[in-house]
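What follows is one structure encoded as structure tokens, with my remarks underneath.
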Amino acid sequence: MKIKKQSTIVETVVFLLLIMLTLVTYQVGKMGLSGVNISLGVFAIALFKGALISEHFMQLKHASGLWRWMILIWLILLGIVIYLAFTA
Amino acid sequence: MKYTSQMVAKPYFIAAIALFVGQILFGVIMGMQYVVGDFLFPEIPFNVARMVHTNLLIVWLLFGFMGAAYYMVPDEAETELHSPLLAKVMFWIFLAAGVVTILGYLLVPYATLAEITMNDLLPTMGREFLEQPTIIKIGIVVVALAFLFNIGMTILKGRKTVINLVLMIGLVGLAVFFLFAFYNPDNIVLDKMFWWFVVHLWVEGVWELILGSLLAYVLIKTTGVDREVIEKWLYVIIAMALITGLIGTGHHFFWIGTPGYWQWWGSIFSALEPIPFFMMTIFAFNMVNKRRRQHPNKAAVLWALGCSVMAFLGAGVWGFMHTLSFVNYYTHGSQITAAHGHMAFYGAYVMIVLAIISYAMPMLNGRKAANSMKAQIVEMWSFWLMTISMVFITLFLTAAGILQVYLQRMNGDASLPFMVVQDKIEIFYWMREGAGIIFLIGLIVYIASFFVGRDQPEAEMPK
Amino acid sequence: MTKVTRYPPGEIIIWLFIMAELLVFGLFFAAYAITRIDNIELFELYQQNLDTTAALYNTIALLSSSYFVIRSVIAIKADEQKNAYRWMLLAVVMGLVFIVIKTDEFAHHIDNGITLSTNTFYMFYLSLAFFHYLHVILGLVVLGVLARNMNKGMYSSKENSSVETGASYWHMVDLVWLILFPLVYVM
């Protein structure tokens with residue numbers, strides 16, 4: 001029961017964090033801020049959100065070896081491609 | 001063999017192999033015509049040989065699929081076939097139609113054939129792979145409907161398994177997409193587009209379901225792995241095959257006049273078509289490694305494993321090589337396409353049909369589970385002869401294709417005309433012909449495997 | 001929930017599928033970014049025509065849906081079938097909210113005569129959004145089946161592999177949207 005309560009709290013905190021980060025991203029878009037650095041910052045937030053999904057919602061933090069890393073590696077590769085494309 | 005009605009599969013398998021021989025003979029003739037242009041001219045012109053080679057391939061694979069379905073569906077559904085008589089009647093109709101068509105191609109000029117068969121009432125002739133006279137096409141539809149009815153009724157009255165269901169979806173898809181063979185829009189872009197609805201959506205769409213289903217069946221039977229495990233794999237494989245295969249049709253729409261987004265859709269989705277094939281390879285080896293029992297039919301297991309590997313190489317890797325639109329811009333319609341076509345058809349569809357024949361034939365011939373060791377050894381020899389020579393056919397054609405693309409299309413102003421290039425790559429065509437003859441020898445060995453060791457006892461269950 | 005297990009939750013095969021799907025989306029994202037290099041002005045201009053507020057609501061809808069699925073998984077592991085069923089229903093509702101909003105966006109584009117051929121930006125935007133949309137629909141079917149089975153009492157603390165399998169797929173759909181949203185709407 002204790003474990004259940006604990007994980008409920010963790011997932012709820014993660015969820016609220018995800019919502020908050022989403023609102024930040026949205027505000028940046030609304031404020032009409034532009035520029036490469038802003039874009040990359042926004043994308044970094046997105047990657048971080050993706051990592052939260054992978055670690056917590058998908059529960060991959062309990063998986064071992066490559067299983068844990070498969071989504072994170074996807075996010076990192078995507079980050080590299082986007083970084084290169086937006087700074088090219 | 002549990003149900004006597006499974007016996008109707010036998011004539012289908014025999015016809016399939018007989019037509020396979022015809023296909024290879026014409027392949028060898030055509031391979032020779034590549035280097036000796038007037039070989040057998042005017043009796044068998046190149047375009048006729050090509051038509052016979054490709055049409056026979058499709059017809060014998062269809063015979064193989066039908067035989068496989070007639071063998072597998074009653075076994076999976078645990079009931080007798082709905083109507084063995086209908087299956088037998090359809091066999092003779094289909095065989096007669098096939099033979100008449102091929103004779104028509106060989107004996108009268110194509111234009112005369114079109115006239116005799118009254119093509120102008122409903123013109124459908126003249127498109128690659130769909131050259132059959134309209135009346136024959138209608139016959140194919142009738143046979144297909146009767147076949148689907150027979151199989152469908154059997155599935156309905158018996159046990160429903162995922163394997164049967166996937167096969168059924170594949171077969172229905174096969175019939176439905178064939179209907180586009182009757183649709184000939186005047187607009188040449190649409191004409192080409194719907195032509196691919198038959199050609200691509202068959203081999204890169206619904207046929208993959210048939211392949212997956214037959215492979216899963218052979219693996220269940222020979223490894224004894226839990227049905228549940230196999231079904232999960234099958235679900236994911238067919239889901240991937242459909243996602244990538246259906247939208248991947250776009251890789252044929254690059255240069256025929258369709259909107260530009262097909263460059264992206266076609267490239268991205270078809271680039272992922274190797275994934276389901278890769279999964280199939282992992283699937284097959286995984287199941288064989290996890291096997292719960294040893295099966296005495298070693299040859300069938302070899303065909304099944306070989307099929308998963310060669311399908312991945314031929315359809316997956318060789319397809320990927322020239323599927324991205326900026327690559328295909330140069331390679332389109334070159335010998336690279338031919339290389340891919342050969343290995344993909346052999347790996348994916350020829351080998352799965354041979355796998356199921358290899359698994360079923362001993363039982364159809366009254367054995368308990370497998371042929372004698374002697375027959376199996378001969379059969380495994382034929383496996384290696386045909387498979388290795390097909391690898392070489394593919395490699396030689398790939399080499400020819402790369403040179404062709406380079407000399408003819410990528411050399412700027414110094415690019416050479418088609419026929420000049422053909423002369424320059426002649427050596428590869430000779431080597432391809434050599435490999436083709438070895439393939440023919442492999443096929444003869446394969447047929448011999450049905451006749452040797454008949455008086456010897458069955459292979460034992462290995463310990 | 002703190003022990004380290006070797007394998008990810010659910011059936012292993014779903015993870016192969018998820019990786020294959022992410023590969024498709026990854027290629028599409030990369031193609032988008034690379035094409036953008038030579039069309040920055042075009043992309044930035046038409047990006048402004050997209051409804052960022054609708055996308056925000058959709059992000060919140062999918063995130064909530066994912067969260068409800070997690071709650072459902074936690075509940076079923078504690079053998080609380082009723083709660084698990086309710087959370088799953090909520091997840092389905094939030095997924096439907098996404099579909100409604102997104103359908104409205106598509107209808108808006110169609111009204112304005114926008115197609116895949118309008119320009120390169122719209123080609124990518126519509127392709128990505130629609131492909132993802134299809135995934136949401138598929139995911140909803142999966143969640144719907146899970147909810148129905150939960151109502152029948154088919155799952156428990158011991159028998160929940162299907163729930164975790166479906167949940168993992170749904171999180172992937174969410175994950176893709178979390179990348180798609182900033183990349184196509186904001187950046």
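All residue names refer to the structure tokens as shown: chains lettered A, B, ... in order, residues numbered from 1 in each chain, ligands numbered from 1 in order.
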Excluding same-chain residues fewer than 5 positions from Val24 in chain C, what lies within 12 Å of it counting only C-alpha atoms, as a compact mmCIF listing (two decimals) with N, CA and C atoms, in the first residue's frame?
# COMPACT_ATOMS: atom_id res chain seq x y z
N TRP A 74 16.85 7.89 -28.53
CA TRP A 74 16.04 8.47 -29.62
C TRP A 74 15.94 9.98 -29.43
N MET B 240 3.20 -3.68 -38.83
CA MET B 240 4.30 -2.94 -39.45
C MET B 240 4.27 -3.10 -40.97
N ILE B 243 1.48 -0.77 -42.27
CA ILE B 243 1.77 0.67 -42.16
C ILE B 243 2.80 1.06 -43.22
N THR B 244 3.91 0.31 -43.26
CA THR B 244 4.98 0.70 -44.18
C THR B 244 4.62 0.35 -45.61
N ILE B 247 1.46 2.79 -47.28
CA ILE B 247 1.88 4.15 -47.64
C ILE B 247 3.16 4.10 -48.47
N GLY B 248 3.95 3.05 -48.25
CA GLY B 248 5.19 2.89 -49.03
C GLY B 248 4.94 2.75 -50.52
N TRP B 264 8.23 12.50 -50.37
CA TRP B 264 8.49 12.33 -48.93
C TRP B 264 7.79 11.10 -48.38
N TRP B 265 6.49 11.04 -48.65
CA TRP B 265 5.73 9.89 -48.12
C TRP B 265 6.33 8.58 -48.61
N SER B 267 9.34 7.96 -49.79
CA SER B 267 10.69 7.71 -49.30
C SER B 267 10.66 7.23 -47.85
N ILE B 268 9.97 7.98 -47.01
CA ILE B 268 10.04 7.67 -45.58
C ILE B 268 9.38 6.33 -45.26
N PHE B 269 8.19 6.12 -45.77
CA PHE B 269 7.51 4.88 -45.39
C PHE B 269 8.12 3.65 -46.03
N SER B 270 8.52 3.78 -47.28
CA SER B 270 9.10 2.59 -47.90
C SER B 270 10.49 2.30 -47.33
N ALA B 271 11.17 3.37 -46.83
CA ALA B 271 12.47 3.12 -46.21
C ALA B 271 12.31 2.23 -44.99
N LEU B 272 11.11 2.18 -44.43
CA LEU B 272 10.89 1.38 -43.24
C LEU B 272 10.32 0.00 -43.55
N GLU B 273 10.11 -0.27 -44.83
CA GLU B 273 9.59 -1.60 -45.19
C GLU B 273 10.50 -2.74 -44.75
N ILE B 275 11.68 -3.16 -41.92
CA ILE B 275 11.45 -3.48 -40.50
C ILE B 275 10.62 -4.75 -40.31
N PHE C 17 7.80 -2.59 -31.51
CA PHE C 17 6.85 -1.81 -32.30
C PHE C 17 7.01 -0.33 -32.02
N ILE C 18 7.14 0.01 -30.73
CA ILE C 18 7.30 1.42 -30.36
C ILE C 18 8.57 1.99 -31.00
N MET C 19 9.65 1.22 -30.97
CA MET C 19 10.89 1.71 -31.57
C MET C 19 10.73 1.92 -33.07
N PHE C 29 10.52 13.95 -38.48
CA PHE C 29 10.99 15.16 -37.79
C PHE C 29 12.30 15.65 -38.42
N ALA C 30 13.19 14.70 -38.67
CA ALA C 30 14.49 15.08 -39.24
C ALA C 30 14.29 15.68 -40.63
N ALA C 31 13.42 15.06 -41.43
CA ALA C 31 13.16 15.57 -42.78
C ALA C 31 12.59 16.98 -42.70
N SER C 127 1.04 16.07 -43.00
CA SER C 127 1.47 14.67 -42.95
C SER C 127 1.71 14.24 -41.51
N LEU C 128 2.53 15.04 -40.81
CA LEU C 128 2.87 14.68 -39.43
C LEU C 128 1.63 14.65 -38.54
N PHE C 131 -0.74 11.74 -39.52
CA PHE C 131 -0.17 10.43 -39.16
C PHE C 131 -0.27 10.21 -37.65
N HIS C 132 0.02 11.27 -36.90
CA HIS C 132 -0.10 11.17 -35.46
C HIS C 132 -1.56 10.96 -35.03
N VAL C 176 5.31 11.44 -28.82
CA VAL C 176 5.48 11.99 -30.16
C VAL C 176 4.84 13.38 -30.25
Skipping near chain neighbours, those fewer than 6 positions away, what residues fall within 9 Å of Gly50 in chain A using only C-alpha atoms, listed as number ranges by chain?
-> A: 71-72, 75; C: 174-176, 178-179
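Rounded to one decimal, CA of Gly65 in chain A and CA of Pro9 in chain C lie 14.1 Å from each other.
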Please identify every residue of chain C that has at least one atom no more than 9 Å from any atom of chain B, counting only C-alpha atoms, and report them as a PyMOL selection string.
-> chain C and resi 11+13-14+16-17+20-21+23-24+27-28+31+116-117+120+123-124+127
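Counting only C-alpha atoms, range 452-457 of chain B has the following residues at most 10 Å away, ignoring those fewer than 6 positions along the same chain: Asn365, Arg367, Ala370, Asn371, Ser372, Met373, Lys374, Ala375, Gln376, Ile377, Val378 and Glu379 of chain B.
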